[in-house]
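Participant: Data: data_28.cif, mmCIF, C-alpha atoms and all ligand atoms.
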data_upload
loop_
_atom_site.label_atom_id
_atom_site.label_comp_id
_atom_site.auth_asym_id
_atom_site.auth_seq_id
_atom_site.Cartn_x
_atom_site.Cartn_y
_atom_site.Cartn_z
CA MET A 1 26.81 7.22 -1.81
CA ILE A 2 23.37 5.68 -2.33
CA ASP A 3 20.17 7.26 -1.05
CA ILE A 4 17.46 4.61 -0.79
CA HIS A 5 14.47 6.86 0.01
CA CYS A 6 13.75 10.09 -1.85
CA HIS A 7 10.74 11.90 -3.34
CA ILE A 8 12.55 13.15 -6.43
CA LEU A 9 10.04 12.21 -9.15
CA PRO A 10 8.25 15.36 -10.35
CA GLY A 11 4.54 15.95 -9.84
CA VAL A 12 3.59 12.61 -8.33
CA ASP A 13 3.37 13.31 -4.60
CA ASP A 14 4.39 15.93 -2.02
CA GLY A 15 8.01 15.80 -3.18
CA ALA A 16 9.40 17.55 -6.28
CA ARG A 17 6.58 19.49 -7.92
CA THR A 18 8.19 20.18 -11.28
CA LEU A 19 11.02 18.83 -13.38
CA GLU A 20 13.03 21.89 -12.34
CA ASP A 21 12.55 20.85 -8.70
CA SER A 22 13.80 17.35 -9.52
CA ILE A 23 16.90 18.77 -11.24
CA LYS A 24 17.60 21.00 -8.22
CA MET A 25 17.27 17.98 -5.92
CA ALA A 26 19.61 15.89 -8.08
CA LYS A 27 22.21 18.67 -8.00
CA ALA A 28 21.87 19.00 -4.22
CA ALA A 29 22.24 15.22 -3.87
CA SER A 30 25.35 15.24 -6.02
CA GLU A 31 26.85 17.96 -3.81
CA GLN A 32 26.24 15.64 -0.84
CA GLY A 33 28.21 12.88 -2.56
CA ILE A 34 25.15 10.89 -3.61
CA HIS A 35 25.49 9.16 -6.99
CA THR A 36 22.45 6.88 -6.88
CA ILE A 37 18.94 7.65 -5.65
CA VAL A 38 16.04 5.26 -5.27
CA ALA A 39 12.95 7.26 -6.24
CA THR A 40 10.25 6.30 -3.76
CA PRO A 41 6.96 8.06 -4.43
CA HIS A 42 4.16 7.60 -1.91
CA HIS A 43 1.63 4.88 -2.55
CA ARG A 44 -1.68 4.32 -0.73
CA ASN A 45 -0.97 6.95 1.92
CA ASN A 46 -4.56 8.29 1.62
CA GLN A 47 -3.28 11.18 -0.47
CA PHE A 48 -1.14 9.75 -3.25
CA ASP A 49 -1.15 6.57 -5.32
CA ASN A 50 1.75 5.70 -7.59
CA TYR A 51 1.54 2.38 -9.36
CA ARG A 52 4.46 0.26 -10.49
CA GLY A 53 4.11 0.88 -14.24
CA ASP A 54 3.81 4.67 -13.90
CA ILE A 55 6.88 4.85 -11.65
CA LEU A 56 8.98 2.86 -14.11
CA THR A 57 8.03 5.22 -16.96
CA ARG A 58 8.73 8.35 -14.91
CA VAL A 59 12.08 7.08 -13.63
CA ALA A 60 13.22 6.43 -17.21
CA GLU A 61 12.12 9.97 -18.20
CA LEU A 62 13.96 11.57 -15.28
CA ASN A 63 17.15 9.63 -15.97
CA HIS A 64 17.02 10.85 -19.55
CA VAL A 65 16.70 14.47 -18.45
CA LEU A 66 19.51 14.18 -15.87
CA GLN A 67 21.81 12.76 -18.54
CA GLU A 68 20.99 15.65 -20.84
CA GLU A 69 21.74 18.05 -17.99
CA ASN A 70 25.05 16.30 -17.32
CA ILE A 71 24.12 15.53 -13.73
CA SER A 72 25.77 12.29 -12.73
CA VAL A 73 23.09 10.94 -10.46
CA ALA A 74 21.33 7.70 -11.41
CA ILE A 75 17.70 7.21 -10.43
CA LEU A 76 16.46 3.72 -9.61
CA PRO A 77 12.79 2.80 -9.28
CA GLY A 78 11.18 2.26 -5.89
CA GLN A 79 7.98 2.98 -4.00
CA GLU A 80 7.08 4.00 -0.43
CA ILE A 81 4.04 1.90 0.39
CA ARG A 82 1.80 2.79 3.33
CA ILE A 83 1.03 -0.52 4.95
CA TYR A 84 -2.36 -1.98 3.93
CA GLY A 85 -4.01 -5.33 4.47
CA ASP A 86 -3.94 -6.48 0.83
CA LEU A 87 -0.29 -5.65 0.17
CA LEU A 88 0.50 -9.22 -0.89
CA GLU A 89 -2.26 -9.13 -3.49
CA GLY A 90 -0.81 -5.81 -4.66
CA ILE A 91 2.47 -7.55 -5.40
CA LYS A 92 0.74 -10.25 -7.41
CA SER A 93 -1.29 -7.74 -9.41
CA GLU A 94 1.86 -5.69 -10.20
CA GLU A 95 0.64 -2.67 -8.30
CA ILE A 96 3.64 -2.84 -5.98
CA LEU A 97 7.21 -2.10 -7.03
CA PRO A 98 10.12 -3.59 -5.07
CA VAL A 99 13.36 -1.58 -4.91
CA ASN A 100 15.09 -1.63 -8.31
CA VAL A 101 12.27 -3.74 -9.76
CA ASP A 102 13.42 -7.25 -9.02
CA SER A 103 15.06 -7.06 -5.62
CA PRO A 104 13.21 -8.68 -2.71
CA TYR A 105 13.08 -5.38 -0.81
CA ILE A 106 9.85 -3.45 -0.29
CA LEU A 107 9.79 -0.07 1.46
CA VAL A 108 6.87 0.00 3.88
CA GLU A 109 5.65 3.03 5.82
CA LEU A 110 3.60 2.75 9.01
CA PRO A 111 0.88 5.28 9.81
CA THR A 112 2.15 8.22 11.90
CA SER A 113 0.44 7.39 15.16
CA THR A 114 -0.65 3.75 15.06
CA PHE A 115 0.80 0.31 14.59
CA PRO A 116 -1.99 -1.64 12.86
CA ARG A 117 -2.90 -4.96 14.49
CA TYR A 118 -2.21 -6.90 11.31
CA THR A 119 1.34 -5.47 10.93
CA ASN A 120 3.32 -8.41 12.35
CA LYS A 121 1.31 -10.98 10.42
CA LEU A 122 1.64 -9.08 7.16
CA LEU A 123 5.38 -8.59 7.62
CA TYR A 124 5.69 -12.30 8.30
CA ASN A 125 3.63 -13.25 5.25
CA LEU A 126 5.75 -11.00 3.04
CA GLN A 127 8.86 -12.81 4.25
CA VAL A 128 7.25 -16.20 3.62
CA GLU A 129 6.69 -15.07 0.01
CA GLY A 130 10.40 -14.22 -0.30
CA TYR A 131 10.22 -10.46 0.27
CA THR A 132 12.10 -8.45 2.87
CA PRO A 133 10.12 -5.48 4.19
CA VAL A 134 12.10 -2.34 5.04
CA ILE A 135 10.18 -0.19 7.52
CA VAL A 136 10.96 3.43 6.67
CA HIS A 137 11.45 5.99 9.44
CA PRO A 138 10.22 3.86 12.38
CA GLU A 139 11.41 6.74 14.60
CA ARG A 140 8.48 8.83 13.38
CA ASN A 141 5.78 6.38 14.51
CA SER A 142 4.41 7.50 17.86
CA GLU A 143 3.35 4.02 18.99
CA LEU A 144 6.86 2.64 18.42
CA LEU A 145 8.26 5.64 20.28
CA THR A 146 6.32 4.69 23.41
CA LYS A 147 6.55 0.91 22.87
CA PRO A 148 10.02 0.34 21.37
CA ASP A 149 9.83 -3.40 22.13
CA LYS A 150 7.48 -3.68 19.14
CA LEU A 151 10.29 -2.42 16.93
CA TYR A 152 12.73 -4.86 18.50
CA GLU A 153 10.34 -7.75 17.83
CA ILE A 154 9.92 -6.97 14.14
CA VAL A 155 13.65 -6.43 13.56
CA LYS A 156 14.37 -9.67 15.37
CA SER A 157 11.96 -11.40 12.98
CA GLY A 158 14.11 -10.35 10.00
CA VAL A 159 12.49 -7.06 9.00
CA LEU A 160 14.87 -4.23 8.11
CA THR A 161 14.46 -0.54 8.93
CA GLN A 162 15.64 2.82 7.57
CA VAL A 163 16.19 5.86 9.78
CA THR A 164 15.84 9.29 8.19
CA ALA A 165 18.85 11.63 8.21
CA ALA A 166 16.73 14.64 9.20
CA SER A 167 15.43 12.75 12.26
CA LEU A 168 18.97 12.05 13.48
CA VAL A 169 19.94 15.71 13.30
CA GLY A 170 16.81 16.92 15.08
CA LYS A 171 14.65 18.36 12.28
CA PHE A 172 11.57 16.55 13.59
CA GLY A 173 12.17 17.57 17.20
CA LYS A 174 14.05 16.29 20.20
CA LYS A 175 11.91 13.21 20.96
CA ILE A 176 12.30 11.84 17.44
CA LYS A 177 16.01 12.71 17.46
CA ASN A 178 16.55 10.81 20.71
CA PHE A 179 14.52 7.83 19.51
CA SER A 180 16.52 7.75 16.25
CA HIS A 181 19.75 7.52 18.22
CA GLU A 182 18.30 4.81 20.48
CA ILE A 183 17.42 2.86 17.32
CA VAL A 184 20.96 3.27 15.94
CA MET A 185 22.61 2.30 19.23
CA SER A 186 20.42 -0.80 19.66
CA ASN A 187 21.19 -2.15 16.17
CA LEU A 188 17.57 -1.70 15.15
CA THR A 189 18.28 -0.05 11.81
CA HIS A 190 20.16 -0.97 8.65
CA PHE A 191 20.04 2.17 6.51
CA VAL A 192 20.18 5.94 6.81
CA ALA A 193 18.40 7.72 3.96
CA SER A 194 17.27 11.25 3.20
CA ASP A 195 13.51 10.93 2.55
CA ALA A 196 14.15 14.31 0.86
CA HIS A 197 11.08 16.03 -0.57
CA ASN A 198 12.75 19.25 -1.80
CA VAL A 199 15.91 21.31 -1.29
CA HIS A 200 14.46 23.64 1.35
CA SER A 201 12.30 22.37 4.20
CA ARG A 202 12.90 18.65 3.56
CA GLY A 203 16.41 18.47 2.11
CA PHE A 204 18.98 15.65 2.04
CA LEU A 205 21.01 16.25 5.25
CA ILE A 206 22.83 12.96 4.70
CA GLN A 207 26.27 14.47 5.24
CA GLU A 208 25.13 16.15 8.46
CA ALA A 209 23.62 12.92 9.78
CA LEU A 210 26.63 10.78 8.82
CA GLN A 211 29.06 13.22 10.42
CA ASP A 212 26.97 13.04 13.56
CA ILE A 213 26.99 9.23 13.51
CA GLU A 214 30.72 9.09 12.82
CA SER A 215 31.61 11.37 15.69
CA THR A 216 29.22 9.64 18.10
CA TYR A 217 29.54 5.97 17.15
CA GLY A 218 32.59 5.70 14.87
CA ILE A 219 33.10 5.30 11.14
CA ASP A 220 32.36 1.56 10.92
CA LEU A 221 28.65 2.14 11.21
CA ILE A 222 28.61 4.49 8.23
CA TYR A 223 30.49 1.93 6.23
CA ASN A 224 27.97 -0.76 7.19
CA TYR A 225 25.03 1.43 6.18
CA GLN A 226 26.59 2.08 2.79
CA VAL A 227 27.35 -1.59 2.19
CA ASN A 228 23.75 -2.38 3.12
CA ALA A 229 22.44 0.20 0.63
CA GLU A 230 24.59 -1.33 -2.11
CA ARG A 231 23.32 -4.79 -1.27
CA LEU A 232 19.73 -3.57 -1.21
CA ILE A 233 19.81 -2.20 -4.74
CA GLU A 234 21.64 -5.31 -5.97
CA GLY A 235 19.05 -7.54 -4.31
CA GLU A 236 21.64 -9.21 -2.09
CA SER A 237 21.27 -10.10 1.58
CA VAL A 238 21.68 -7.36 4.14
CA VAL A 239 23.27 -8.37 7.40
CA GLY A 240 22.96 -6.35 10.58
CA GLU A 241 24.42 -6.54 14.04
CA VAL A 242 22.36 -8.47 16.59
CA PRO A 243 19.34 -6.33 17.51
CA GLU A 244 18.96 -5.29 21.13
CA ARG A 245 16.03 -4.01 23.13
CA ILE A 246 15.95 -0.28 23.79
CA MET A 247 16.54 0.16 27.51
CA ARG A 248 15.34 3.41 28.99
CA LYS A 249 16.22 4.63 32.43
CA LYS A 250 13.23 4.65 34.69
CA PHE A 251 13.26 7.36 37.31
CA LEU A 252 11.75 6.69 40.72
CA GLY A 253 9.46 9.48 41.74
CA ILE A 254 8.52 10.41 45.28
CA PHE A 255 4.94 9.37 45.80
FE FE A 301 9.10 9.19 2.26
#
In C-alpha cells, what does this structure look like?
Facilitator:
Amino acid sequence: MIDIHCHILPGVDDGARTLEDSIKMAKAASEQGIHTIVATPHHRNNQFDNYRGDILTRVAELNHVLQEENISVAILPGQEIRIYGDLLEGIKSEEILPVNVDSPYILVELPTSTFPRYTNKLLYNLQVEGYTPVIVHPERNSELLTKPDKLYEIVKSGVLTQVTAASLVGKFGKKIKNFSHEIVMSNLTHFVASDAHNVHSRGFLIQEALQDIESTYGIDLIYNYQVNAERLIEGESVVGEVPERIMRKKFLGIF
C-alpha cells in the first residue's frame, strides 16, 4: 500500500522529532501493509518551512537509514504546502516540490477555518501551468464543512482531494467524520492517506479506515484509491467517478 501524506521526516515539523521516531513510524507503517510513503513536511504553514532542496536531502538520508535497519518501506519526496498567493512563483524558483519530484501533483493544504478568496483562481492557474493540485484533508476545513458546494466546484474543475484516515474513523470528532463520509459518498475524493505525525496521538489508522470503507461502501473503492495513489507517484493521470454535490437533509422546524 502507498501512503501519500505523512510527516515522517525527522526534526522538520510537528511530525517525527528524532530519527528514532521516524524509524518507529516506518515500522508501524510496515505493520499496516504500507510499503511506500510520500514524506510531506509542512511548508509555509506559519510555523514550518521546508524547501525543495532540503526535503530531497533528508529523504535520501532517511531511506539510507531504513535500508540499514532492514525496514522495507521506501520514502518518496513530497511537501504539504499551505496555500499562498505566490505559489506559482514558488514552483518556478524551485521552492516547491511536487510529489516524487517530477510528477504534476502538488499537495495543497487550506487554512483550518477559511477558504481564501484567491483559492479558485490559484487552483485554476496551477492547472493551466500543467500541475494538478491535490487538496489535503478538505474535511478539516470549517468553511467547506458549512459550504460543501465549494468543494464540489473545485473537484469538478479537475482538482483532486485526499481524505485523512483518522477523520474517517472519528479521531477529529463526529462532524469531521460525517463530512469525510459525505465526501467519499459524493465522489469528491481520490485518495485516503494517513497524515501520520507519530505512532501515538496521530498514527496511521489506514487499515481501520479502509476496513470501514470496505464494509460501508464495498471493496472497489479501496482498490480505486490504491490505483490512484500508484498513478500519483508515477505521475500518471488519476481518474475519479463523476463528482456529485453533497445533499443534506433539511429539517423543517415549527416556527
Ligand atoms: Fe499533513
Participant: Distance limit 9 Å, reference ligand FE 301 (chain A), atoms considered: only C-alpha atoms and all ligand atoms. Which residues make the cut? Give them as a list in words.
Facilitator: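 With only C-alpha atoms and all ligand atoms and a cut-off of 9 Å, ligand FE 301 (chain A) is contacted by His5, Cys6, His7, Gly15, Thr40, Pro41, His42, Gln79, Glu80, Glu109, Val136, His137, Thr164, Ser194, Asp195, Ala196 and His197 of chain A.
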Participant: Quick one: residues within 9 Å of Glu143 of chain A, all atoms listed in the file counted, chain neighbours fewer than 4 positions away excluded, as a VMD selection string?
Facilitator: chain A and resid 112 to 115 147 to 148 150
Participant: Which one of A:Asn178, A:Arg140, A:Gly78, A:Glu89 sits closest to Asp102 of chain A if you count only C-alpha atoms?
Facilitator: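 Between A:Asn178, A:Arg140, A:Gly78, A:Glu89, the residue approaching Asp102 of chain A most closely is A:Gly78.
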Participant: In Å, with one decimal, what is the gap from atom CA of Leu62 of chain A to atom CA of Asn50 of chain A?
Facilitator: 15.6 Å
Participant: Could you give me, as a VMD selection string, the residues within 12 Å of Leu107 of chain A, counting only C-alpha atoms and dropping anything in the same chain fewer than 4 positions from it?
Facilitator: chain A and resid 4 to 6 38 to 43 77 to 83 87 96 to 100 103 123 126 131 to 138 159 to 162 191 193 195 232 to 233
Participant: Take atom CA of Gln127 of chain A and atom CA of Ile154 of chain A and report the distance between them in Å, one decimal.
Facilitator: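 Atom CA of Ile154 of chain A lies at a distance of 11.5 Å from atom CA of Gln127 of chain A.
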Participant: Atom CA of Ile246 of chain A and atom CA of Ile183 of chain A, how far apart in Å?
Facilitator: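 About the pair atom CA of Ile183 of chain A and atom CA of Ile246 of chain A: they are 7.3 Å apart.
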Participant: Of the candidates A:Ala28, A:Ile55, A:Leu188, A:Val238, which shows the shortest atom-to-atom distance to Pro10 of chain A, using only C-alpha atoms?
Facilitator: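 Looking at the shortest contact to Pro10 of chain A, the residue is A:Ile55.
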Participant: Return the single residue from A:Ser186, A:Ser215, A:Gln32, A:Gln47 that is closest to Asp14 of chain A, with distances computed using all atoms listed in the file.
Facilitator: A:Gln47
Participant: Identify which of the residues A:Asn120, A:Glu153, A:Glu139, A:Gly203 lies closest to Ser22 of chain A, counting all atoms listed in the file when measuring atom-to-atom distances.
Facilitator: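 Among A:Asn120, A:Glu153, A:Glu139, A:Gly203, it is A:Gly203 that comes nearest to Ser22 of chain A.
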Participant: Of the candidates A:Asp13, A:Val169, A:Leu151, A:Lys27, which shows the shortest atom-to-atom distance to Gln207 of chain A, using only C-alpha atoms?
Facilitator: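 Among the listed residues, the smallest separation from Gln207 of chain A belongs to A:Val169.
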Participant: Would you mind telling me which residue in A:Val242, A:Leu205, A:Met247, A:Ile213 lies nearest to Glu182 of chain A when using all atoms listed in the file?
Facilitator: A:Met247
